[in-house]
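The next block is run-v5.txt, given as compact mmCIF, C-alpha atoms.
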# COMPACT_ATOMS: atom_id res chain seq x y z
CA THR A 50 -20.50 0.18 -2.68
CA GLN A 51 -18.09 2.66 -1.10
CA THR A 52 -14.45 2.93 -2.10
CA ILE A 53 -11.98 3.27 0.76
CA ASP A 54 -8.81 5.09 -0.29
CA LEU A 55 -5.93 3.35 1.47
CA SER A 56 -3.48 6.00 0.26
CA ARG A 57 -5.37 8.55 2.38
CA LEU A 58 -5.75 6.16 5.34
CA GLU A 59 -9.53 6.31 5.06
CA GLN A 60 -9.61 2.85 6.64
CA ARG A 61 -8.32 4.51 9.82
CA SER A 62 -11.02 7.18 10.05
CA PRO A 63 -13.30 7.20 13.12
CA GLU A 64 -16.32 6.58 10.89
CA TYR A 65 -14.79 3.48 9.37
CA LEU A 66 -13.35 2.21 12.67
CA SER A 67 -16.84 2.42 14.17
CA LEU A 68 -17.81 -0.29 11.66
CA ASN A 69 -14.57 -2.22 11.52
CA PRO A 70 -12.33 -1.69 14.59
CA ASN A 71 -9.51 -3.62 12.89
CA GLY A 72 -9.12 -0.81 10.35
CA PHE A 73 -8.80 -3.08 7.33
CA VAL A 74 -10.87 -3.63 4.21
CA PRO A 75 -13.34 -5.02 3.31
CA THR A 76 -16.38 -4.44 5.51
CA LEU A 77 -19.90 -5.63 4.67
CA ALA A 78 -23.04 -3.95 5.96
CA HIS A 79 -26.09 -6.14 5.35
CA GLY A 80 -28.97 -4.14 6.75
CA GLU A 81 -28.07 -3.52 10.38
CA ARG A 82 -25.56 -6.35 10.39
CA VAL A 83 -21.90 -5.43 9.98
CA LEU A 84 -19.22 -8.00 9.17
CA PHE A 85 -15.52 -7.79 8.42
CA GLU A 86 -12.72 -10.17 7.41
CA SER A 87 -13.10 -11.51 3.88
CA ASN A 88 -13.59 -15.17 4.74
CA VAL A 89 -16.21 -14.39 7.38
CA ILE A 90 -18.07 -12.23 4.87
CA THR A 91 -18.04 -14.81 2.09
CA GLU A 92 -19.15 -17.64 4.40
CA TYR A 93 -22.01 -15.47 5.67
CA LEU A 94 -23.06 -14.64 2.11
CA ASP A 95 -22.92 -18.33 1.21
CA ASP A 96 -25.24 -19.17 4.10
CA VAL A 97 -27.70 -16.31 3.54
CA PHE A 98 -27.85 -16.43 -0.28
CA HIS A 99 -27.59 -20.18 -0.71
CA ALA A 100 -29.24 -20.71 -4.09
CA THR A 101 -25.81 -21.68 -5.47
CA PRO A 102 -23.68 -22.72 -2.48
CA LEU A 103 -19.92 -22.33 -2.82
CA LEU A 104 -18.95 -24.06 0.43
CA PRO A 105 -19.06 -27.87 0.16
CA ASP A 106 -21.29 -29.98 2.39
CA ASP A 107 -18.70 -32.74 2.76
CA PRO A 108 -16.81 -32.19 6.07
CA TRP A 109 -13.42 -33.14 4.59
CA GLU A 110 -13.81 -30.83 1.59
CA ARG A 111 -15.06 -28.04 3.85
CA ALA A 112 -11.95 -28.50 6.00
CA GLN A 113 -9.79 -28.26 2.87
CA VAL A 114 -11.40 -24.91 2.03
CA LYS A 115 -10.61 -23.67 5.55
CA LEU A 116 -7.00 -24.77 5.15
CA TRP A 117 -6.66 -22.84 1.88
CA GLN A 118 -8.16 -19.78 3.55
CA SER A 119 -5.63 -20.13 6.36
CA ARG A 120 -2.78 -20.36 3.84
CA GLU A 121 -4.06 -17.25 2.07
CA LEU A 122 -4.11 -15.31 5.35
CA GLU A 123 -0.49 -16.26 5.96
CA MET A 124 0.42 -15.18 2.42
CA ALA A 125 -1.40 -11.89 2.95
CA LYS A 126 0.99 -11.01 5.78
CA ASP A 127 3.75 -10.86 3.17
CA TYR A 128 1.65 -9.33 0.41
CA ARG A 129 0.47 -6.26 2.34
CA PRO A 130 3.87 -4.68 3.16
CA LEU A 131 5.08 -5.38 -0.38
CA MET A 132 1.95 -3.69 -1.75
CA TYR A 133 2.70 -0.55 0.25
CA GLN A 134 6.38 -0.65 -0.67
CA ARG A 135 5.99 -1.25 -4.42
CA LEU A 136 2.50 -0.07 -5.35
CA LEU A 137 0.84 2.41 -3.01
CA GLY A 138 4.06 4.13 -1.96
CA PRO A 139 5.16 4.99 -5.52
CA VAL A 140 1.61 6.12 -6.41
CA VAL A 141 1.50 8.48 -3.42
CA ARG A 142 4.97 9.87 -4.22
CA LEU A 143 3.96 10.57 -7.82
CA THR A 144 0.81 12.46 -6.84
CA ARG A 145 1.66 14.22 -3.56
CA THR A 146 4.53 15.77 -1.69
CA LEU A 147 5.20 14.37 1.77
CA ASP A 148 3.37 17.31 3.35
CA GLU A 149 0.40 16.80 1.02
CA ALA A 150 0.34 13.08 1.79
CA LEU A 151 0.33 13.75 5.53
CA ASP A 152 -2.38 16.39 5.17
CA ALA A 153 -4.51 13.90 3.24
CA ALA A 154 -3.96 11.31 5.95
CA ARG A 155 -4.86 13.83 8.68
CA SER A 156 -8.27 14.23 7.07
CA SER A 157 -8.89 10.63 8.16
CA THR A 158 -6.85 10.20 11.35
CA SER A 159 -4.86 12.10 13.94
CA ASP A 160 -3.23 8.99 15.38
CA ALA A 161 0.55 9.47 15.53
CA ALA A 162 1.25 5.84 14.60
CA ASP A 163 -0.99 6.13 11.52
CA LEU A 164 0.75 9.32 10.39
CA ALA A 165 4.18 7.77 10.97
CA TRP A 166 3.08 4.84 8.81
CA GLU A 167 1.96 7.22 6.05
CA GLU A 168 5.39 8.84 6.09
CA ARG A 169 7.09 5.43 5.84
CA VAL A 170 4.89 4.59 2.85
CA TRP A 171 5.73 7.89 1.14
CA ARG A 172 9.46 7.43 1.77
CA LEU A 173 9.28 3.81 0.46
CA ASP A 174 10.59 2.74 3.83
CA VAL A 175 8.09 -0.02 4.62
CA LEU A 176 10.64 -2.77 3.93
CA THR A 177 14.42 -2.84 3.82
CA PRO A 178 15.94 -4.19 0.58
CA ASP A 179 16.71 -7.51 2.31
CA GLU A 180 13.18 -7.74 3.69
CA GLU A 181 11.74 -6.94 0.27
CA ARG A 182 13.72 -9.76 -1.35
CA GLY A 183 12.70 -12.16 1.40
CA VAL A 184 9.01 -11.31 0.99
CA GLU A 185 9.18 -11.78 -2.78
CA GLU A 186 10.88 -15.16 -2.33
CA ARG A 187 8.22 -16.34 0.13
CA LEU A 188 5.41 -15.24 -2.17
CA THR A 189 7.05 -17.09 -5.07
CA ASP A 190 7.40 -20.18 -2.88
CA TRP A 191 3.70 -19.89 -2.06
CA LEU A 192 2.92 -19.85 -5.79
CA THR A 193 5.04 -22.98 -6.18
CA ARG A 194 2.90 -24.79 -3.59
CA LEU A 195 -0.27 -23.60 -5.31
CA GLU A 196 1.10 -24.87 -8.62
CA ALA A 197 1.72 -28.32 -7.12
CA ALA A 198 -1.78 -28.41 -5.62
CA LEU A 199 -3.39 -27.67 -9.00
CA ALA A 200 -1.44 -30.31 -10.91
CA GLY A 201 -3.91 -32.71 -12.54
CA ARG A 202 -7.00 -30.88 -11.33
CA SER A 203 -9.14 -27.93 -12.39
CA TRP A 204 -10.21 -26.68 -8.96
CA LEU A 205 -8.61 -26.47 -5.56
CA VAL A 206 -11.24 -28.46 -3.65
CA GLY A 207 -13.56 -31.07 -5.11
CA GLU A 208 -14.64 -31.19 -8.71
CA ARG A 209 -16.15 -27.74 -9.14
CA PHE A 210 -15.60 -24.04 -8.66
CA GLY A 211 -16.06 -23.11 -5.02
CA GLN A 212 -15.18 -21.01 -2.02
CA ALA A 213 -11.46 -21.79 -2.19
CA GLU A 214 -11.27 -20.00 -5.55
CA VAL A 215 -13.18 -17.00 -4.18
CA SER A 216 -10.75 -16.74 -1.27
CA LEU A 217 -7.50 -17.17 -3.22
CA TYR A 218 -7.99 -15.74 -6.70
CA PRO A 219 -8.08 -12.03 -5.78
CA ARG A 220 -4.74 -12.21 -3.98
CA VAL A 221 -3.09 -14.29 -6.70
CA PHE A 222 -4.45 -11.89 -9.33
CA MET A 223 -2.77 -8.98 -7.53
CA LEU A 224 0.67 -10.58 -7.20
CA PRO A 225 1.97 -9.23 -10.55
CA LEU A 226 0.96 -5.73 -9.40
CA VAL A 227 3.68 -5.94 -6.74
CA GLY A 228 6.30 -7.46 -9.04
CA VAL A 229 5.77 -11.16 -8.32
CA CYS A 230 5.68 -12.69 -11.78
CA ILE A 231 3.36 -15.60 -12.57
CA ASP A 232 5.42 -17.04 -15.41
CA PRO A 233 3.28 -19.44 -17.49
CA GLY A 234 6.34 -21.58 -18.13
CA ARG A 235 7.02 -21.98 -14.41
CA PHE A 236 3.40 -21.92 -13.21
CA PRO A 237 1.30 -23.45 -16.04
CA HIS A 238 -1.37 -24.88 -13.73
CA VAL A 239 -1.82 -21.60 -11.86
CA THR A 240 -1.99 -19.76 -15.18
CA SER A 241 -4.68 -22.11 -16.53
CA TRP A 242 -6.63 -21.89 -13.26
CA MET A 243 -6.61 -18.10 -13.41
CA ALA A 244 -7.68 -18.12 -17.06
CA ARG A 245 -10.65 -20.36 -16.23
CA LEU A 246 -11.71 -18.03 -13.45
CA ALA A 247 -11.27 -14.88 -15.53
CA THR A 248 -13.92 -16.11 -17.98
CA ARG A 249 -16.61 -16.52 -15.32
CA PRO A 250 -19.22 -13.75 -15.77
CA SER A 251 -19.10 -12.70 -12.11
CA PHE A 252 -15.30 -12.42 -12.12
CA ALA A 253 -15.24 -10.59 -15.45
CA LYS A 254 -17.89 -8.15 -14.21
CA THR A 255 -15.93 -7.43 -11.03
CA LEU A 256 -12.71 -6.85 -12.96
CA SER A 257 -14.39 -4.56 -15.50
CA GLN A 258 -15.85 -2.47 -12.67
CA ALA A 259 -12.44 -2.22 -11.02
CA VAL A 260 -10.82 -1.04 -14.25
CA ALA A 261 -13.60 1.48 -14.85
Translate this structure into structure tokens?
Amino acid sequence: TQTIDLSRLEQRSPEYLSLNPNGFVPTLAHGERVLFESNVITEYLDDVFHATPLLPDDPWERAQVKLWQSRELEMAKDYRPLMYQRLLGPVVRLTRTLDEALDAARSSTSDAADLAWEERVWRLDVLTPDEERGVEERLTDWLTRLEAALAGRSWLVGERFGQAEVSLYPRVFMLPLVGVCIDPGRFPHVTSWMARLATRPSFAKTLSQAVA
């Protein structure tokens, strides 16, 4: 495992771009095979290490998983700028001056657009106040739809834990980090769903490693 420091734009370094030309995380190297985009990676892993498959065999259920993945990708378009505005930007400002932040970024990239982005992040200028409110409202609306989908059921697709949970849980888990509250009174089904997932050994292990 290699950690890519987004605050230093390590995802924009030539070495990383040679693996993942999109310049996003994550990237998986499995031997000589290199994959990127989370849903592509997890589907590949499901096919290669299929002792406990997470993707359903039923065509309709498989289509439902794909729809949830599509919804998560749309939600991610709102999550990312809010993450830079409310999480990474303040962290960078607390630890580095603007010149130090740009110097750190230059150790990864010399691209003018990348450096201009780093300056916007440092200045907390990724979103205007109106844009920030709009993004938060859309993310809350997305939670409302997830809440409705989980009413009367334990899992998003079918009758067991599966790929839909793997695709959605990480993003939902990170929403409070950017100030989008998952109020148990307003989102009881989402809260229960997250609690069930948090007790799974694989999820708990991943979270403990992240905290460490």
Contact table stretch 58-158 of chain A vs stretch 199-209 of chain A, cut-off 10 Å, shortest pair per residue, all atoms listed in the file, as JSON lines:
{"residue": "A:Leu103", "atom": "CA", "partner": "A:Arg209", "partner_atom": "CA", "distance": 9.1}
{"residue": "A:Leu104", "atom": "CA", "partner": "A:Val206", "partner_atom": "CA", "distance": 9.8}
{"residue": "A:Pro105", "atom": "CA", "partner": "A:Gly207", "partner_atom": "CA", "distance": 8.3}
{"residue": "A:Asp107", "atom": "CA", "partner": "A:Gly207", "partner_atom": "CA", "distance": 9.5}
{"residue": "A:Trp109", "atom": "CA", "partner": "A:Val206", "partner_atom": "CA", "distance": 9.7}
{"residue": "A:Glu110", "atom": "CA", "partner": "A:Val206", "partner_atom": "CA", "distance": 6.3}
{"residue": "A:Arg111", "atom": "CA", "partner": "A:Val206", "partner_atom": "CA", "distance": 8.4}
{"residue": "A:Ala112", "atom": "CA", "partner": "A:Val206", "partner_atom": "CA", "distance": 9.7}
{"residue": "A:Gln113", "atom": "CA", "partner": "A:Val206", "partner_atom": "CA", "distance": 6.7}
{"residue": "A:Val114", "atom": "CA", "partner": "A:Val206", "partner_atom": "CA", "distance": 6.7}
{"residue": "A:Trp117", "atom": "CA", "partner": "A:Leu205", "partner_atom": "CA", "distance": 8.5}
Quiz prompt | Nearest residue to A:Arg57 from the set A:Ala125, A:Ala154, A:Leu77, A:Leu147 (distances using only C-alpha atoms) | solution =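 When distances to A:Arg57 are compared using only C-alpha atoms, the smallest one comes from A:Ala154.
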Of A:Arg135, A:Arg182, A:His99, A:Arg61, the one nearest to A:Leu226 when counting only C-alpha atoms is A:Arg135
*Give the answer as one residue: which of A:Asp95, A:Asp160, A:Glu214, A:Asp190 has the shortest atom-to-atom distance to A:Gln118, using only C-alpha atoms?*
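Comparing A:Asp95, A:Asp160, A:Glu214, A:Asp190 against A:Gln118, the winner is A:Glu214.
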Would you please work out which residue, of A:Pro75, A:Pro233, A:Pro139, A:Gly80, is nearest to A:Val170 when using all atoms listed in the file?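 Using all atoms listed in the file, A:Val170 sits closest to A:Pro139.
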Worksheet entry | Which of A:Thr52, A:Gln60, A:Ser216, A:Thr189 sits closest to A:Tyr128 [using all atoms listed in the file] |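 Using all atoms listed in the file, A:Tyr128 sits closest to A:Thr189.
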- Query: Which distance in Å separates atom CA of A:Arg172 and atom CA of A:Val221, to one decimal?
  - Reply: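 If I compute the distance from atom CA of A:Arg172 to atom CA of A:Val221, I get 26.5 Å.
Between atom CA of A:Thr91 and atom CA of A:Leu55 the interatomic distance comes to 21.8 Å.
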Margin query: Please compute the atom CA of A:Trp242-atom CA of A:Val97 distance, one decimal, in Å.
Written below: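 Atom CA of A:Trp242 sits 27.5 Å away from atom CA of A:Val97.
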Return as JSON the box centre and box size in Å, one decimal, for an axis-aligned box around all listed atoms of stretch 250-257 of chain A padded by 4 Å per side.
{"center_x": -16.0, "center_y": -9.2, "center_z": -13.4, "size_x": 14.5, "size_y": 17.2, "size_z": 12.7}
If you count all atoms listed in the file, the residue of A:Arg220, A:His79, A:Lys126, A:Arg235 closest to A:Val184 turns out to be A:Lys126
Generate all heavy atoms for stretch 210-221 of chain A and emit them as a CSV table (one decimal), keeping the file's coordinate frame.
chain,number,residue,atom,x,y,z
A,210,PHE,N,-15.9,-25.4,-9.2
A,210,PHE,CA,-15.6,-24.0,-8.7
A,210,PHE,C,-16.2,-23.9,-7.3
A,210,PHE,O,-17.4,-24.2,-7.1
A,210,PHE,CB,-16.1,-23.0,-9.6
A,210,PHE,CG,-16.2,-21.6,-9.1
A,210,PHE,CD1,-15.1,-20.8,-9.1
A,210,PHE,CD2,-17.4,-21.1,-8.6
A,210,PHE,CE1,-15.1,-19.5,-8.5
A,210,PHE,CE2,-17.5,-19.8,-8.1
A,210,PHE,CZ,-16.3,-19.0,-8.1
A,211,GLY,N,-15.5,-23.3,-6.4
A,211,GLY,CA,-16.1,-23.1,-5.0
A,211,GLY,C,-15.4,-22.0,-4.2
A,211,GLY,O,-14.7,-21.1,-4.8
A,212,GLN,N,-15.6,-22.1,-2.9
A,212,GLN,CA,-15.2,-21.0,-2.0
A,212,GLN,C,-13.7,-20.8,-2.0
A,212,GLN,O,-13.2,-19.7,-1.8
A,212,GLN,CB,-15.7,-21.3,-0.6
A,212,GLN,CG,-15.3,-20.2,0.4
A,212,GLN,CD,-15.9,-18.9,0.0
A,212,GLN,OE1,-17.1,-18.7,-0.3
A,212,GLN,NE2,-15.1,-17.8,-0.1
A,213,ALA,N,-12.9,-21.9,-2.2
A,213,ALA,CA,-11.5,-21.8,-2.2
A,213,ALA,C,-11.0,-20.8,-3.3
A,213,ALA,O,-10.1,-20.0,-3.1
A,213,ALA,CB,-10.8,-23.2,-2.4
A,214,GLU,N,-11.6,-20.9,-4.5
A,214,GLU,CA,-11.3,-20.0,-5.6
A,214,GLU,C,-11.6,-18.6,-5.2
A,214,GLU,O,-10.8,-17.6,-5.4
A,214,GLU,CB,-12.0,-20.4,-6.8
A,214,GLU,CG,-11.4,-21.5,-7.7
A,214,GLU,CD,-11.4,-22.8,-7.0
A,214,GLU,OE1,-12.5,-23.2,-6.4
A,214,GLU,OE2,-10.5,-23.6,-7.1
A,215,VAL,N,-12.8,-18.4,-4.6
A,215,VAL,CA,-13.2,-17.0,-4.2
A,215,VAL,C,-12.2,-16.4,-3.2
A,215,VAL,O,-11.8,-15.2,-3.3
A,215,VAL,CB,-14.6,-17.0,-3.6
A,215,VAL,CG1,-15.0,-15.7,-3.0
A,215,VAL,CG2,-15.6,-17.4,-4.6
A,216,SER,N,-11.7,-17.2,-2.3
A,216,SER,CA,-10.8,-16.7,-1.3
A,216,SER,C,-9.4,-16.5,-1.8
A,216,SER,O,-8.7,-15.6,-1.4
A,216,SER,CB,-10.7,-17.7,-0.1
A,216,SER,OG,-11.9,-17.9,0.5
A,217,LEU,N,-8.9,-17.3,-2.8
A,217,LEU,CA,-7.5,-17.2,-3.2
A,217,LEU,C,-7.3,-16.3,-4.5
A,217,LEU,O,-6.3,-15.6,-4.6
A,217,LEU,CB,-6.9,-18.6,-3.5
A,217,LEU,CG,-6.2,-19.2,-2.3
A,217,LEU,CD1,-7.2,-19.6,-1.2
A,217,LEU,CD2,-5.4,-20.4,-2.7
A,218,TYR,N,-8.2,-16.4,-5.4
A,218,TYR,CA,-8.0,-15.7,-6.7
A,218,TYR,C,-7.7,-14.3,-6.6
A,218,TYR,O,-6.7,-13.8,-7.3
A,218,TYR,CB,-9.2,-16.0,-7.6
A,218,TYR,CG,-9.1,-15.2,-8.9
A,218,TYR,CD1,-8.4,-15.8,-10.0
A,218,TYR,CD2,-9.7,-14.0,-9.1
A,218,TYR,CE1,-8.3,-15.2,-11.2
A,218,TYR,CE2,-9.6,-13.3,-10.3
A,218,TYR,CZ,-8.9,-13.9,-11.4
A,218,TYR,OH,-8.8,-13.3,-12.6
A,219,PRO,N,-8.4,-13.5,-5.8
A,219,PRO,CA,-8.1,-12.0,-5.8
A,219,PRO,C,-6.6,-11.7,-5.4
A,219,PRO,O,-6.0,-10.9,-6.0
A,219,PRO,CB,-9.1,-11.5,-4.7
A,219,PRO,CG,-10.2,-12.4,-4.8
A,219,PRO,CD,-9.6,-13.8,-5.0
A,220,ARG,N,-6.1,-12.5,-4.4
A,220,ARG,CA,-4.7,-12.2,-4.0
A,220,ARG,C,-3.8,-12.7,-5.0
A,220,ARG,O,-2.8,-12.0,-5.3
A,220,ARG,CB,-4.5,-13.0,-2.7
A,220,ARG,CG,-3.2,-12.6,-2.0
A,220,ARG,CD,-3.3,-11.3,-1.3
A,220,ARG,NE,-4.2,-11.4,-0.2
A,220,ARG,CZ,-4.6,-10.3,0.6
A,220,ARG,NH1,-4.0,-9.1,0.4
A,220,ARG,NH2,-5.4,-10.4,1.6
A,221,VAL,N,-4.0,-13.8,-5.7
A,221,VAL,CA,-3.1,-14.3,-6.7
A,221,VAL,C,-3.1,-13.3,-7.9
A,221,VAL,O,-2.1,-13.0,-8.5
A,221,VAL,CB,-3.5,-15.7,-7.1
A,221,VAL,CG1,-2.6,-16.2,-8.3
A,221,VAL,CG2,-3.4,-16.7,-6.0
